[in-house]
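Peer 1: Before anything else, here's the structure in question.
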Amino acid sequence: MDLLNRYQQLCEEIYLLLSQENNLLKQEQVPHQHLLHTKRTLLSKLEFLTEQCKQVEKTGVEDKKQAQRLQQKLMKIFMLDRENEKMLLALQMKQAVHLPCKNASSAQLQDLHD
């Protein structure tokens, strides 16, 4: 399997995983650790393949249309990952607001308020 095909397959896997994460976040569910670990693993593979692609001379790319499709898929991946990160942050902040504050005294809370 050539480099562009491996790259395309990996991009599809990452996009599918990010879509699953996105669906969980839209349901206000924090993604489980296995999904996050898989995401980190796939993204590190993507980084490795990206470096390999940089080593290939531009004239060596036979299928420029496939390379353009891959570039578009990467942009979708980056946008979806950014959206997921924003939703995850918002969800974590929402959950943190609902956590009981049992270690702070009323005097400490008053100091924060003032």
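Ordering of the structure tokens sets the chain letters (A, B, ...); residue numbers start at 1 within each chain; ligands are numbered from 1 in the order shown.
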Show which residues sit within 10 Å of Gln8 (chain A), as a VMD selection string. Count only C-alpha atoms, and ignore same-chain residues fewer than 3 positions away.
Peer 2: chain A and resid 3 to 5 11 to 14 46 66 to 67 69 to 71 73 to 74
Peer 1: Near region 75-89 of chain A, within 10 Å and counting only C-alpha atoms, which residues show up once chain neighbours fewer than 5 positions away are dropped, as a list in words?
Peer 2: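 The residues that qualify are Cys11, Glu12, Ile14, Tyr15, Leu16, Leu17, Leu18, Ser19, Glu21, Asn22, Asn23, Leu24, Leu25, Lys26, Glu28, Gln29, Val30, Pro31, Arg69, Leu70, Lys94 and Gln95 of chain A.
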Peer 1: Generate a file of the selected residues that holds C-alpha atoms, formatted as a PDB file, in the first residue's frame.
Peer 2:
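So out-v4.pdb came out as:
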ATOM      1  CA  CYS A  11      -7.413  10.011   8.067  1.00  0.00           C
ATOM      2  CA  GLU A  12     -10.667   8.087   7.652  1.00  0.00           C
ATOM      3  CA  ILE A  14      -9.315   9.439  12.775  1.00  0.00           C
ATOM      4  CA  TYR A  15     -12.343  11.201  11.331  1.00  0.00           C
ATOM      5  CA  LEU A  16     -14.597   8.300  12.359  1.00  0.00           C
ATOM      6  CA  LEU A  17     -13.172   8.322  15.887  1.00  0.00           C
ATOM      7  CA  LEU A  18     -13.554  12.112  16.164  1.00  0.00           C
ATOM      8  CA  SER A  19     -17.147  11.805  14.958  1.00  0.00           C
ATOM      9  CA  GLU A  21     -16.251  11.634  20.265  1.00  0.00           C
ATOM     10  CA  ASN A  22     -18.323  14.493  18.868  1.00  0.00           C
ATOM     11  CA  ASN A  23     -21.542  12.507  19.260  1.00  0.00           C
ATOM     12  CA  LEU A  24     -20.713  11.704  22.890  1.00  0.00           C
ATOM     13  CA  LEU A  25     -19.936  15.331  23.636  1.00  0.00           C
ATOM     14  CA  LYS A  26     -23.160  16.494  22.034  1.00  0.00           C
ATOM     15  CA  GLU A  28     -22.939  15.824  27.250  1.00  0.00           C
ATOM     16  CA  GLN A  29     -20.988  12.641  27.935  1.00  0.00           C
ATOM     17  CA  VAL A  30     -17.273  12.712  28.590  1.00  0.00           C
ATOM     18  CA  PRO A  31     -15.476  10.313  26.218  1.00  0.00           C
ATOM     19  CA  ARG A  69      -8.644  15.185  -1.048  1.00  0.00           C
ATOM     20  CA  LEU A  70      -6.327  14.233   1.783  1.00  0.00           C
ATOM     21  CA  LYS A  94     -20.263  22.713  33.600  1.00  0.00           C
ATOM     22  CA  GLN A  95     -19.523  19.634  35.690  1.00  0.00           C
TER      23      GLN A  95
END
Peer 1: In Å to one decimal, how far is CA of Gln20 (chain A) from CA of Asp2 (chain A)?
Peer 2: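 Between CA of Asp2 (chain A) and CA of Gln20 (chain A) the gap is 27.6 Å.
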Peer 1: I need the residue nearest Leu91 (chain A) from this list: A:Ser44, A:Gln27, A:Gln52, A:Gln9. Use only C-alpha atoms for the distance.
Peer 2: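 Checking each of A:Ser44, A:Gln27, A:Gln52, A:Gln9 against Leu91 (chain A), counting only C-alpha atoms, the winner is A:Gln27.
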Peer 1: Closest to Thr50 (chain A) among A:Gln72, A:Leu10, A:Ala90, A:His32, using only C-alpha atoms?
Peer 2: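 Closest to Thr50 (chain A), using only C-alpha atoms: A:Leu10.
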